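As provided, input-v6.pdb (PDB, C-alpha atoms and all ligand atoms) reads as follows.
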```
ATOM      1  CA  MET A   1       0.000   0.000   0.000
ATOM      2  CA  CYS A   2       1.317   3.500  -0.851
ATOM      3  CA  SER A   3       1.940   5.955   1.993
ATOM      4  CA  PRO A   4      -0.471   8.876   1.928
ATOM      5  CA  VAL A   5       0.831  12.188   0.614
ATOM      6  CA  PRO A   6       1.557  14.234   3.761
ATOM      7  CA  LYS A   7      -0.921  17.045   4.316
ATOM      8  CA  ARG A   8      -0.923  20.201   6.350
ATOM      9  CA  ILE A   9      -3.855  19.853   8.671
ATOM     10  CA  LEU A  10      -5.392  22.334  11.072
ATOM     11  CA  ILE A  11      -6.874  20.352  13.954
ATOM     12  CA  LEU A  12      -9.448  22.284  15.946
ATOM     13  CA  GLY A  13      -9.067  20.691  19.322
ATOM     14  CA  GLY A  14      -9.774  20.969  23.001
ATOM     15  CA  THR A  15     -11.055  17.404  23.325
ATOM     16  CA  LEU A  16      -9.673  13.950  24.030
ATOM     17  CA  ASP A  17     -10.674  12.864  20.505
ATOM     18  CA  ALA A  18      -8.700  15.754  19.039
ATOM     19  CA  ARG A  19      -5.554  14.762  20.921
ATOM     20  CA  ARG A  20      -5.902  11.177  19.734
ATOM     21  CA  LEU A  21      -6.486  12.376  16.194
ATOM     22  CA  ALA A  22      -3.358  14.550  16.365
ATOM     23  CA  ARG A  23      -1.302  11.572  17.437
ATOM     24  CA  LEU A  24      -2.616   9.320  14.649
ATOM     25  CA  LEU A  25      -2.169  11.958  11.955
ATOM     26  CA  ALA A  26       1.434  12.492  13.084
ATOM     27  CA  GLU A  27       2.014   8.737  12.880
ATOM     28  CA  GLN A  28       0.759   8.870   9.280
ATOM     29  CA  GLY A  29       3.353  11.522   8.470
ATOM     30  CA  HIS A  30       1.002  14.511   8.219
ATOM     31  CA  HIS A  31       2.018  17.887   9.603
ATOM     32  CA  SER A  32      -0.693  19.179  11.908
ATOM     33  CA  VAL A  33      -1.229  22.415  13.754
ATOM     34  CA  TYR A  34      -3.280  21.699  16.870
ATOM     35  CA  SER A  35      -5.414  24.689  17.830
ATOM     36  CA  ILE A  36      -7.008  25.399  21.186
ATOM     37  CA  ALA A  37      -8.996  28.358  22.426
ATOM     38  CA  GLY A  38      -6.675  28.942  25.384
ATOM     39  CA  ILE A  39      -9.400  29.209  27.998
ATOM     40  CA  THR A  40      -7.943  26.739  30.499
ATOM     41  CA  ARG A  41      -4.767  27.475  32.420
ATOM     42  CA  LYS A  42      -3.255  24.018  31.996
ATOM     43  CA  PRO A  43      -4.567  22.603  28.715
ATOM     44  CA  ARG A  44      -3.778  19.011  27.833
ATOM     45  CA  LEU A  45      -1.873  18.942  24.571
ATOM     46  CA  PRO A  46      -0.791  16.225  22.157
ATOM     47  CA  ALA A  47       2.925  15.439  22.152
ATOM     48  CA  ASN A  48       5.130  16.213  19.151
ATOM     49  CA  VAL A  49       2.539  18.343  17.364
ATOM     50  CA  GLU A  50       2.730  22.072  16.662
ATOM     51  CA  VAL A  51       0.299  23.921  18.890
ATOM     52  CA  ARG A  52      -1.337  27.319  18.528
ATOM     53  CA  VAL A  53      -3.317  28.906  21.326
ATOM     54  CA  GLY A  54      -6.143  31.457  21.221
ATOM     55  CA  GLY A  55      -8.955  32.543  18.926
ATOM     56  CA  PHE A  56      -8.319  33.336  15.270
ATOM     57  CA  GLY A  57     -10.475  36.451  15.280
ATOM     58  CA  GLY A  58     -13.545  34.882  13.649
ATOM     59  CA  ALA A  59     -13.959  33.144  10.286
ATOM     60  CA  GLN A  60     -11.942  35.777   8.450
ATOM     61  CA  GLY A  61      -8.998  35.370  10.825
ATOM     62  CA  MET A  62      -9.102  31.605  10.467
ATOM     63  CA  ALA A  63      -9.236  31.849   6.667
ATOM     64  CA  ASP A  64      -6.150  34.103   6.772
ATOM     65  CA  PHE A  65      -4.396  31.557   8.984
ATOM     66  CA  ILE A  66      -5.321  28.683   6.635
ATOM     67  CA  ARG A  67      -3.923  30.554   3.628
ATOM     68  CA  SER A  68      -0.769  31.751   5.353
ATOM     69  CA  GLN A  69       0.025  28.269   6.679
ATOM     70  CA  GLY A  70      -0.831  26.421   3.462
ATOM     71  CA  ILE A  71      -3.401  24.270   5.259
ATOM     72  CA  ASP A  72      -4.935  21.536   3.060
ATOM     73  CA  MET A  73      -7.614  20.364   5.455
ATOM     74  CA  VAL A  74      -9.389  21.541   8.581
ATOM     75  CA  ALA A  75     -10.137  18.630  10.902
ATOM     76  CA  ASP A  76     -12.742  19.911  13.339
ATOM     77  CA  ALA A  77     -12.591  17.748  16.462
ATOM     78  CA  THR A  78     -14.096  20.310  18.814
ATOM     79  CA  HIS A  79     -16.701  19.507  21.429
ATOM     80  CA  PRO A  80     -20.263  18.943  20.095
ATOM     81  CA  PHE A  81     -21.378  22.042  22.045
ATOM     82  CA  ALA A  82     -18.663  24.324  20.625
ATOM     83  CA  VAL A  83     -20.918  25.786  17.938
ATOM     84  CA  GLN A  84     -19.221  29.053  17.097
ATOM     85  CA  ILE A  85     -15.814  27.666  16.238
ATOM     86  CA  SER A  86     -17.357  25.026  13.942
ATOM     87  CA  ALA A  87     -19.491  27.623  12.157
ATOM     88  CA  ASN A  88     -16.395  29.798  11.690
ATOM     89  CA  ALA A  89     -14.388  26.836  10.432
ATOM     90  CA  VAL A  90     -16.946  25.840   7.802
ATOM     91  CA  GLU A  91     -16.972  29.400   6.491
ATOM     92  CA  ALA A  92     -13.194  29.822   6.698
ATOM     93  CA  ALA A  93     -12.512  26.557   4.857
ATOM     94  CA  ARG A  94     -14.960  27.517   2.127
ATOM     95  CA  ASN A  95     -13.384  30.953   1.688
ATOM     96  CA  SER A  96      -9.849  29.601   1.595
ATOM     97  CA  ASN A  97     -10.524  26.562  -0.629
ATOM     98  CA  SER A  98      -9.451  24.163   2.084
ATOM     99  CA  ALA A  99     -11.139  20.844   2.795
ATOM    100  CA  TYR A 100     -13.183  20.636   6.010
ATOM    101  CA  ALA A 101     -14.448  17.633   7.935
ATOM    102  CA  ARG A 102     -15.954  17.392  11.386
ATOM    103  CA  LEU A 103     -15.672  14.583  13.867
ATOM    104  CA  GLU A 104     -19.034  14.123  15.584
ATOM    105  CA  ARG A 105     -19.045  11.279  18.039
ATOM    106  CA  PRO A 106     -22.491   9.694  18.351
ATOM    107  CA  ALA A 107     -24.796  11.143  20.996
ATOM    108  CA  TRP A 108     -25.618   9.094  24.103
ATOM    109  CA  LYS A 109     -28.961   7.330  24.111
ATOM    110  CA  PRO A 110     -30.989   6.454  27.218
ATOM    111  CA  THR A 111     -31.548   2.819  28.144
ATOM    112  CA  LYS A 112     -34.849   1.546  29.544
ATOM    113  CA  ALA A 113     -33.369   1.863  33.009
ATOM    114  CA  ASP A 114     -32.627   5.585  32.610
ATOM    115  CA  ASN A 115     -34.768   8.510  33.608
ATOM    116  CA  TRP A 116     -33.662  11.328  31.334
ATOM    117  CA  ILE A 117     -35.357  14.690  31.272
ATOM    118  CA  PRO A 118     -34.538  16.418  27.969
ATOM    119  CA  ALA A 119     -33.550  20.097  27.937
ATOM    120  CA  ARG A 120     -33.057  22.296  24.867
ATOM    121  CA  ASP A 121     -30.241  24.300  26.379
ATOM    122  CA  ILE A 122     -28.534  25.194  29.617
ATOM    123  CA  ASP A 123     -31.196  27.723  30.656
ATOM    124  CA  GLU A 124     -33.957  25.165  30.318
ATOM    125  CA  ALA A 125     -31.859  22.591  32.169
ATOM    126  CA  VAL A 126     -31.410  24.990  35.085
ATOM    127  CA  SER A 127     -35.154  25.683  35.170
ATOM    128  CA  LEU A 128     -35.980  21.948  35.226
ATOM    129  CA  ILE A 129     -34.125  21.216  38.477
ATOM    130  CA  GLU A 130     -36.607  20.525  41.263
ATOM    131  CA  SER A 131     -36.682  22.892  44.186
ATOM    132  CA  GLY A 132     -34.625  21.553  47.096
ATOM    133  CA  ALA A 133     -32.514  19.344  44.830
ATOM    134  CA  CYS A 134     -28.797  18.710  45.056
ATOM    135  CA  ALA A 135     -27.682  18.932  41.427
ATOM    136  CA  PHE A 136     -24.535  17.127  40.305
ATOM    137  CA  VAL A 137     -23.612  19.453  37.472
ATOM    138  CA  THR A 138     -21.270  18.373  34.666
ATOM    139  CA  THR A 139     -22.099  21.007  32.070
ATOM    140  CA  GLY A 140     -18.756  22.803  32.070
ATOM    141  CA  ARG A 141     -17.027  25.693  33.746
ATOM    142  CA  LYS A 142     -18.314  28.335  31.323
ATOM    143  CA  ASP A 143     -21.970  27.863  32.300
ATOM    144  CA  VAL A 144     -21.687  27.385  36.047
ATOM    145  CA  ALA A 145     -22.836  30.930  36.786
ATOM    146  CA  LYS A 146     -26.196  30.174  35.163
ATOM    147  CA  TYR A 147     -27.168  27.978  38.128
ATOM    148  CA  ALA A 148     -26.855  30.903  40.532
ATOM    149  CA  VAL A 149     -30.419  32.045  39.754
ATOM    150  CA  ARG A 150     -31.585  28.941  41.612
ATOM    151  CA  THR A 151     -31.136  29.910  45.225
ATOM    152  CA  ASP A 152     -33.429  26.991  46.182
ATOM    153  CA  ILE A 153     -30.994  24.230  45.141
ATOM    154  CA  ARG A 154     -27.531  22.999  46.107
ATOM    155  CA  VAL A 155     -24.954  22.635  43.338
ATOM    156  CA  VAL A 156     -22.037  20.237  43.146
ATOM    157  CA  ALA A 157     -20.244  21.224  39.941
ATOM    158  CA  ARG A 158     -17.562  19.014  38.498
ATOM    159  CA  VAL A 159     -15.240  21.295  36.540
ATOM    160  CA  ILE A 160     -11.833  21.097  34.893
ATOM    161  CA  GLU A 161     -10.717  24.278  36.700
ATOM    162  CA  ALA A 162     -12.386  26.495  39.275
ATOM    163  CA  PRO A 163     -14.726  28.902  37.478
ATOM    164  CA  MET A 164     -13.968  32.609  37.773
ATOM    165  CA  VAL A 165     -17.360  33.318  39.368
ATOM    166  CA  ALA A 166     -17.941  33.724  43.076
ATOM    167  CA  ARG A 167     -19.382  30.543  44.551
ATOM    168  CA  PRO A 168     -22.450  30.542  46.823
ATOM    169  CA  GLU A 169     -21.462  29.161  50.228
ATOM    170  CA  ASP A 170     -23.202  25.813  49.927
ATOM    171  CA  TRP A 171     -21.923  25.037  46.416
ATOM    172  CA  VAL A 172     -19.085  22.603  45.888
ATOM    173  CA  TYR A 173     -16.614  22.573  43.010
ATOM    174  CA  VAL A 174     -15.079  19.183  42.317
ATOM    175  CA  ILE A 175     -11.992  19.875  40.218
ATOM    176  CA  ALA A 176     -11.235  16.842  38.050
ATOM    177  CA  VAL A 177     -10.429  15.792  34.503
ATOM    178  CA  ILE A 178     -11.459  12.739  32.515
ATOM    179  CA  PRO A 179     -11.308   9.766  32.601
ATOM    180  CA  PHE A 180     -13.826   9.029  35.350
ATOM    181  CA  ASN A 181     -14.910   5.551  36.365
ATOM    182  CA  THR A 182     -18.303   4.429  37.611
ATOM    183  CA  GLU A 183     -17.127   3.672  41.159
ATOM    184  CA  ASP A 184     -15.724   7.178  41.594
ATOM    185  CA  GLU A 185     -18.870   8.733  40.154
ATOM    186  CA  LEU A 186     -20.991   6.659  42.530
ATOM    187  CA  ASP A 187     -18.864   7.799  45.464
ATOM    188  CA  LEU A 188     -19.201  11.450  44.472
ATOM    189  CA  MET A 189     -22.956  11.260  43.999
ATOM    190  CA  ARG A 190     -23.414   9.409  47.290
ATOM    191  CA  ASP A 191     -21.001  11.593  49.284
ATOM    192  CA  TYR A 192     -22.721  14.797  48.203
ATOM    193  CA  GLU A 193     -26.219  13.241  48.304
ATOM    194  CA  ALA A 194     -26.957  14.246  44.738
ATOM    195  CA  THR A 195     -30.612  13.972  43.750
ATOM    196  CA  VAL A 196     -30.238  14.855  40.049
ATOM    197  CA  VAL A 197     -27.455  14.915  37.434
ATOM    198  CA  VAL A 198     -27.215  17.631  34.771
ATOM    199  CA  SER A 199     -25.248  16.779  31.635
ATOM    200  CA  LYS A 200     -24.688  17.859  28.072
ATOM    201  CA  ASN A 201     -25.237  15.086  25.546
ATOM    202  CA  ALA A 202     -21.576  15.091  24.628
ATOM    203  CA  GLY A 203     -21.382  11.421  23.625
ATOM    204  CA  GLY A 204     -18.111   9.557  23.818
ATOM    205  CA  THR A 205     -16.479   7.695  26.627
ATOM    206  CA  ALA A 206     -17.121  10.041  29.571
ATOM    207  CA  ASP A 207     -20.398   8.278  30.357
ATOM    208  CA  ALA A 208     -19.564   6.812  33.779
ATOM    209  CA  LYS A 209     -21.765   9.500  35.351
ATOM    210  CA  LEU A 210     -24.720   8.123  33.394
ATOM    211  CA  ARG A 211     -24.047   4.589  34.600
ATOM    212  CA  ALA A 212     -23.764   5.843  38.181
ATOM    213  CA  ALA A 213     -27.038   7.796  37.892
ATOM    214  CA  ARG A 214     -28.701   4.650  36.535
ATOM    215  CA  ILE A 215     -27.458   2.547  39.443
ATOM    216  CA  LEU A 216     -28.637   5.122  41.983
ATOM    217  CA  GLY A 217     -31.940   5.717  40.186
ATOM    218  CA  LEU A 218     -31.196   9.431  39.778
ATOM    219  CA  PRO A 219     -32.850  11.462  37.023
ATOM    220  CA  VAL A 220     -30.537  13.041  34.454
ATOM    221  CA  ILE A 221     -31.386  16.382  32.912
ATOM    222  CA  MET A 222     -29.822  15.888  29.494
ATOM    223  CA  ILE A 223     -29.111  18.912  27.331
ATOM    224  CA  GLU A 224     -29.619  18.136  23.671
ATOM    225  CA  ARG A 225     -26.915  18.959  21.177
ATOM    226  CA  PRO A 226     -27.027  22.242  19.339
ATOM    227  CA  GLU A 227     -26.950  22.071  15.554
ATOM    228  CA  LYS A 228     -23.707  22.666  13.740
ATOM    229  CA  PRO A 229     -23.661  23.784  10.081
ATOM    230  CA  PRO A 230     -23.970  21.120   7.367
ATOM    231  CA  ALA A 231     -20.584  19.733   6.288
ATOM    232  CA  THR A 232     -18.672  16.512   5.780
ATOM    233  CA  VAL A 233     -19.116  14.641   9.066
ATOM    234  CA  VAL A 234     -17.347  11.519  10.320
ATOM    235  CA  THR A 235     -18.146   9.672  13.520
ATOM    236  CA  THR A 236     -14.796   8.049  14.265
ATOM    237  CA  ILE A 237     -11.194   9.150  14.456
ATOM    238  CA  ASP A 238     -10.216   6.432  11.976
ATOM    239  CA  GLU A 239     -12.610   7.863   9.411
ATOM    240  CA  MET A 240     -11.003  11.272   9.816
ATOM    241  CA  VAL A 241      -7.551   9.744   9.316
ATOM    242  CA  ALA A 242      -8.821   8.000   6.173
ATOM    243  CA  LEU A 243     -10.135  11.307   4.846
ATOM    244  CA  ALA A 244      -6.776  12.953   5.471
ATOM    245  CA  ALA A 245      -5.126  10.127   3.531
ATOM    246  CA  GLY A 246      -7.467  10.896   0.644
ATOM    247  CA  GLU A 247      -9.147   7.506   0.932
ATOM    248  CA  GLY A 248     -12.677   8.866   1.292
ATOM    249  CA  ILE A 249     -15.057   7.153   3.702
TER     250      ILE A 249
HETATM  251  P1  LIG B 301     -17.155  28.250  20.876
HETATM  252  O1  LIG B 301     -18.174  28.928  21.709
HETATM  253  O2  LIG B 301     -17.618  27.457  19.709
HETATM  254  O3  LIG B 301     -16.068  29.281  20.339
HETATM  255  C1  LIG B 301     -15.930  30.600  20.857
HETATM  256  C2  LIG B 301     -14.650  31.191  20.296
HETATM  257  O4  LIG B 301     -13.508  30.620  20.929
HETATM  258  C3  LIG B 301     -14.443  30.938  18.816
HETATM  259  O5  LIG B 301     -15.167  31.862  18.026
HETATM  260  C4  LIG B 301     -12.944  31.078  18.690
HETATM  261  O6  LIG B 301     -12.538  32.443  18.740
HETATM  262  C5  LIG B 301     -12.451  30.456  19.994
HETATM  263  N1  LIG B 301     -12.176  29.024  19.865
HETATM  264  C6  LIG B 301     -12.959  27.983  20.243
HETATM  265  N2  LIG B 301     -12.348  26.810  20.022
HETATM  266  C7  LIG B 301     -11.152  27.107  19.479
HETATM  267  C8  LIG B 301     -10.057  26.317  19.026
HETATM  268  N3  LIG B 301     -10.085  24.963  19.080
HETATM  269  N4  LIG B 301      -8.971  26.953  18.521
HETATM  270  C9  LIG B 301      -8.931  28.330  18.455
HETATM  271  N5  LIG B 301      -9.944  29.112  18.876
HETATM  272  C10 LIG B 301     -11.035  28.515  19.382
HETATM  273  O7  LIG B 301     -16.242  27.317  21.794
HETATM  274  P2  LIG B 301     -16.443  26.819  23.322
HETATM  275  O8  LIG B 301     -17.729  26.075  23.407
HETATM  276  O9  LIG B 301     -16.179  27.971  24.223
HETATM  277  O10 LIG B 301     -15.251  25.773  23.417
HETATM  278  C11 LIG B 301     -13.920  26.245  23.461
HETATM  279  C12 LIG B 301     -12.976  25.058  23.384
HETATM  280  O11 LIG B 301     -13.242  24.158  24.462
HETATM  281  C13 LIG B 301     -13.092  24.247  22.096
HETATM  282  O12 LIG B 301     -11.783  23.912  21.697
HETATM  283  C14 LIG B 301     -13.875  23.007  22.512
HETATM  284  O13 LIG B 301     -13.524  21.868  21.775
HETATM  285  C15 LIG B 301     -13.481  22.853  23.977
HETATM  286  N6  LIG B 301     -14.540  22.261  24.807
HETATM  287  C16 LIG B 301     -15.786  22.819  24.820
HETATM  288  C17 LIG B 301     -16.776  22.249  25.599
HETATM  289  C18 LIG B 301     -18.173  22.815  25.615
HETATM  290  O14 LIG B 301     -19.028  22.251  26.340
HETATM  291  N7  LIG B 301     -18.475  23.876  24.865
HETATM  292  C19 LIG B 301     -16.478  21.104  26.365
HETATM  293  C20 LIG B 301     -15.193  20.555  26.319
HETATM  294  C21 LIG B 301     -14.223  21.148  25.536
HETATM  295  P3  LIG B 301     -12.283  33.281  17.398
HETATM  296  O15 LIG B 301     -13.643  33.597  16.850
HETATM  297  O16 LIG B 301     -11.526  34.474  17.879
HETATM  298  O17 LIG B 301     -11.489  32.432  16.468
END
```
Translate the structure of the given file into structure tokens.
Amino acid sequence: MCSPVPKRILILGGTLDARRLARLLAEQGHHSVYSIAGITRKPRLPANVEVRVGGFGGAQGMADFIRSQGIDMVADATHPFAVQISANAVEAARNSNSAYARLERPAWKPTKADNWIPARDIDEAVSLIESGACAFVTTGRKDVAKYAVRTDIRVVARVIEAPMVARPEDWVYVIAVIPFNTEDELDLMRDYEATVVVSKNAGGTADAKLRAARILGLPVIMIERPEKPPATVVTTIDEMVALAAGEGI
């Protein structure tokens, strides 16, 4: 089999999938630039891959970057809820004649044993929490402040870094990064006497919280995915690597 022609690939990252993708593309001989927003103090980065940090300045800025760096393909491996960067990337790739493909891991689906309460967005999720509840919140650092309107609930927020917002006295921040296992999630939910879990439907492997909620019989307020613009979409890292190799999918 012939080796693929090496490409210059802009990986839009900030996820575990993106780091894995960066590693595989490097193994295939491609030259990638791994891009992160720069919003966490200690980001996890792939080894041996060029990294750039910070916004591009919208679609126009990204298109300029793509042209100046001779990028052949934009591999969008951002989080399913990172809508703006994907919209910018679709537009930037179009305007700079670069290929674009997005990795969208499949959404989680409830089993018969689950009690999921669907929410359109974070605001609806916050409004759906029952009064008096202790909410185990896993919806990310950026949105933690939104729960503050609910002075009638307790919040245990698992976050990658402490949010910059002042914390009501009875809230708890659990600072942790993936991977999480079911036993640890069970311990956390039991220790803090959680009565409900709030989650984004991120999909992927960080689903131990859902298994723990199932075991404990806790309801899960599940925020549905926002729509990203139409584009070439793959559901696995291998498919993205095949696209980069020009093999199609
Ligand atoms: P977003 O709302 O879609 O993007 C906001 C702005 O941040 C973008 O317009 C862009 O600024 C900059 N940006 C975002 N991702 C970038 C990247 N990979 N490289 C360079 N600039 C980037 O994004 P978000 O939801 O805040 O997510 C930010 C990052 O965190 C993403 O890398 C995402 O994969 C990761 N993440 C997000 C979530 C989540 O729940 N949203 C969860 C886990 C990880 P400019 O317009 O200036 O280019």
- Task: Identify, counting only C-alpha atoms and all ligand atoms, the protein, DNA and RNA residues located within 6 Å of ligand LIG 301 (chain B), and give them as a PyMOL selection string.
- Result: chain A and resi 12-15+35-37+54-58+78-79+81-85+140
Those same residues, written as a short mmCIF file (atom, residue, chain, number, x, y, z; two decimals), in the coordinates of the input with C-alpha atoms?
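Result saved to part08.cif:
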```cif
data_model
loop_
_atom_site.label_atom_id
_atom_site.label_comp_id
_atom_site.auth_asym_id
_atom_site.auth_seq_id
_atom_site.Cartn_x
_atom_site.Cartn_y
_atom_site.Cartn_z
CA LEU A 12 -9.45 22.28 15.95
CA GLY A 13 -9.07 20.69 19.32
CA GLY A 14 -9.77 20.97 23.00
CA THR A 15 -11.06 17.40 23.32
CA SER A 35 -5.41 24.69 17.83
CA ILE A 36 -7.01 25.40 21.19
CA ALA A 37 -9.00 28.36 22.43
CA GLY A 54 -6.14 31.46 21.22
CA GLY A 55 -8.96 32.54 18.93
CA PHE A 56 -8.32 33.34 15.27
CA GLY A 57 -10.48 36.45 15.28
CA GLY A 58 -13.54 34.88 13.65
CA THR A 78 -14.10 20.31 18.81
CA HIS A 79 -16.70 19.51 21.43
CA PHE A 81 -21.38 22.04 22.04
CA ALA A 82 -18.66 24.32 20.62
CA VAL A 83 -20.92 25.79 17.94
CA GLN A 84 -19.22 29.05 17.10
CA ILE A 85 -15.81 27.67 16.24
CA GLY A 140 -18.76 22.80 32.07
#
```
Would you write out, as an mmCIF file with C-alpha atoms, keeping the file's coordinate frame, every residue that the PyMOL selection byres (((chain A and resi 211) around 12) and not hetatm) captures in this file?
```cif
data_model
loop_
_atom_site.group_PDB
_atom_site.id
_atom_site.type_symbol
_atom_site.label_atom_id
_atom_site.label_comp_id
_atom_site.auth_asym_id
_atom_site.auth_seq_id
_atom_site.Cartn_x
_atom_site.Cartn_y
_atom_site.Cartn_z
ATOM 1 C CA TRP A 108 -25.618 9.094 24.103
ATOM 2 C CA LYS A 109 -28.961 7.330 24.111
ATOM 3 C CA PRO A 110 -30.989 6.454 27.218
ATOM 4 C CA THR A 111 -31.548 2.819 28.144
ATOM 5 C CA ALA A 113 -33.369 1.863 33.009
ATOM 6 C CA ASP A 114 -32.627 5.585 32.610
ATOM 7 C CA ASN A 115 -34.768 8.510 33.608
ATOM 8 C CA PHE A 180 -13.826 9.029 35.350
ATOM 9 C CA ASN A 181 -14.910 5.551 36.365
ATOM 10 C CA THR A 182 -18.303 4.429 37.611
ATOM 11 C CA GLU A 183 -17.127 3.672 41.159
ATOM 12 C CA ASP A 184 -15.724 7.178 41.594
ATOM 13 C CA GLU A 185 -18.870 8.733 40.154
ATOM 14 C CA LEU A 186 -20.991 6.659 42.530
ATOM 15 C CA MET A 189 -22.956 11.260 43.999
ATOM 16 C CA VAL A 197 -27.455 14.915 37.434
ATOM 17 C CA THR A 205 -16.479 7.695 26.627
ATOM 18 C CA ALA A 206 -17.121 10.041 29.571
ATOM 19 C CA ASP A 207 -20.398 8.278 30.357
ATOM 20 C CA ALA A 208 -19.564 6.812 33.779
ATOM 21 C CA LYS A 209 -21.765 9.500 35.351
ATOM 22 C CA LEU A 210 -24.720 8.123 33.394
ATOM 23 C CA ALA A 212 -23.764 5.843 38.181
ATOM 24 C CA ALA A 213 -27.038 7.796 37.892
ATOM 25 C CA ARG A 214 -28.701 4.650 36.535
ATOM 26 C CA ILE A 215 -27.458 2.547 39.443
ATOM 27 C CA LEU A 216 -28.637 5.122 41.983
ATOM 28 C CA GLY A 217 -31.940 5.717 40.186
ATOM 29 C CA LEU A 218 -31.196 9.431 39.778
ATOM 30 C CA PRO A 219 -32.850 11.462 37.023
ATOM 31 C CA VAL A 220 -30.537 13.041 34.454
#
```
- Find the residues near region 118-126 of chain A: any atom within 7 Å, counting only C-alpha atoms, skip ones fewer than 5 places away on the same chain, and give them as a ChimeraX atom specification. /A:147,221-224
Output of the above residues as a PDB file, keeping the file's coordinate frame, restricted to C-alpha atoms:
```pdb
ATOM      1  CA  TYR A 147     -27.168  27.978  38.128  1.00  0.00           C
ATOM      2  CA  ILE A 221     -31.386  16.382  32.912  1.00  0.00           C
ATOM      3  CA  MET A 222     -29.822  15.888  29.494  1.00  0.00           C
ATOM      4  CA  ILE A 223     -29.111  18.912  27.331  1.00  0.00           C
ATOM      5  CA  GLU A 224     -29.619  18.136  23.671  1.00  0.00           C
TER       6      GLU A 224
END
```
- Spell out the residues picked by the PyMOL selection byres (((chain A and resi 21) around 12) and not hetatm) here, as a PyMOL selection string. chain A and resi 9-20+22-28+30+32-34+45-47+49+75-78+102-103+236-244
Could you please take those selected residues and save C-alpha atoms as a PDB file, in the frame of the given file?
```
ATOM      1  CA  ILE A   9      -3.855  19.853   8.671  1.00  0.00           C
ATOM      2  CA  LEU A  10      -5.392  22.334  11.072  1.00  0.00           C
ATOM      3  CA  ILE A  11      -6.874  20.352  13.954  1.00  0.00           C
ATOM      4  CA  LEU A  12      -9.448  22.284  15.946  1.00  0.00           C
ATOM      5  CA  GLY A  13      -9.067  20.691  19.322  1.00  0.00           C
ATOM      6  CA  GLY A  14      -9.774  20.969  23.001  1.00  0.00           C
ATOM      7  CA  THR A  15     -11.055  17.404  23.325  1.00  0.00           C
ATOM      8  CA  LEU A  16      -9.673  13.950  24.030  1.00  0.00           C
ATOM      9  CA  ASP A  17     -10.674  12.864  20.505  1.00  0.00           C
ATOM     10  CA  ALA A  18      -8.700  15.754  19.039  1.00  0.00           C
ATOM     11  CA  ARG A  19      -5.554  14.762  20.921  1.00  0.00           C
ATOM     12  CA  ARG A  20      -5.902  11.177  19.734  1.00  0.00           C
ATOM     13  CA  ALA A  22      -3.358  14.550  16.365  1.00  0.00           C
ATOM     14  CA  ARG A  23      -1.302  11.572  17.437  1.00  0.00           C
ATOM     15  CA  LEU A  24      -2.616   9.320  14.649  1.00  0.00           C
ATOM     16  CA  LEU A  25      -2.169  11.958  11.955  1.00  0.00           C
ATOM     17  CA  ALA A  26       1.434  12.492  13.084  1.00  0.00           C
ATOM     18  CA  GLU A  27       2.014   8.737  12.880  1.00  0.00           C
ATOM     19  CA  GLN A  28       0.759   8.870   9.280  1.00  0.00           C
ATOM     20  CA  HIS A  30       1.002  14.511   8.219  1.00  0.00           C
ATOM     21  CA  SER A  32      -0.693  19.179  11.908  1.00  0.00           C
ATOM     22  CA  VAL A  33      -1.229  22.415  13.754  1.00  0.00           C
ATOM     23  CA  TYR A  34      -3.280  21.699  16.870  1.00  0.00           C
ATOM     24  CA  LEU A  45      -1.873  18.942  24.571  1.00  0.00           C
ATOM     25  CA  PRO A  46      -0.791  16.225  22.157  1.00  0.00           C
ATOM     26  CA  ALA A  47       2.925  15.439  22.152  1.00  0.00           C
ATOM     27  CA  VAL A  49       2.539  18.343  17.364  1.00  0.00           C
ATOM     28  CA  ALA A  75     -10.137  18.630  10.902  1.00  0.00           C
ATOM     29  CA  ASP A  76     -12.742  19.911  13.339  1.00  0.00           C
ATOM     30  CA  ALA A  77     -12.591  17.748  16.462  1.00  0.00           C
ATOM     31  CA  THR A  78     -14.096  20.310  18.814  1.00  0.00           C
ATOM     32  CA  ARG A 102     -15.954  17.392  11.386  1.00  0.00           C
ATOM     33  CA  LEU A 103     -15.672  14.583  13.867  1.00  0.00           C
ATOM     34  CA  THR A 236     -14.796   8.049  14.265  1.00  0.00           C
ATOM     35  CA  ILE A 237     -11.194   9.150  14.456  1.00  0.00           C
ATOM     36  CA  ASP A 238     -10.216   6.432  11.976  1.00  0.00           C
ATOM     37  CA  GLU A 239     -12.610   7.863   9.411  1.00  0.00           C
ATOM     38  CA  MET A 240     -11.003  11.272   9.816  1.00  0.00           C
ATOM     39  CA  VAL A 241      -7.551   9.744   9.316  1.00  0.00           C
ATOM     40  CA  ALA A 242      -8.821   8.000   6.173  1.00  0.00           C
ATOM     41  CA  LEU A 243     -10.135  11.307   4.846  1.00  0.00           C
ATOM     42  CA  ALA A 244      -6.776  12.953   5.471  1.00  0.00           C
TER      43      ALA A 244
END
```
- Message: Please list as a ChimeraX atom specification every residue within 8 Å of Ile175 (chain A), counting all atoms listed in the file and excluding residues in the same chain fewer than 5 positions away.
- Response: /A:158-162
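The residue set within 9 Å of Pro163 (chain A), counting only C-alpha atoms and dropping same-chain residues fewer than 5 places from it, reads Arg141, Lys142, Asp143, Val144, Ala145 and Tyr173 of chain A.
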Going by the chain IDs and residue numbers used in this file, which residues fall under the PyMOL selection byres (((chain A and resi 232) around 6) and not hetatm)? Write them as a compact mmCIF listing (two decimals) with C-alpha atoms, in the coordinates of the input.
```
# COMPACT_ATOMS: atom_id res chain seq x y z
CA ALA A 101 -14.45 17.63 7.94
CA ALA A 231 -20.58 19.73 6.29
CA VAL A 233 -19.12 14.64 9.07
```
Box in all listed atoms of region 35-42 of chain A, axis-aligned, with 6 Å more on each side; write out centre and edge lengths in Å to one decimal as AutoDock Vina command-line options.
```
--center_x -6.3 --center_y 26.6 --center_z 25.1 --size_x 18.1 --size_y 17.2 --size_z 26.6
```
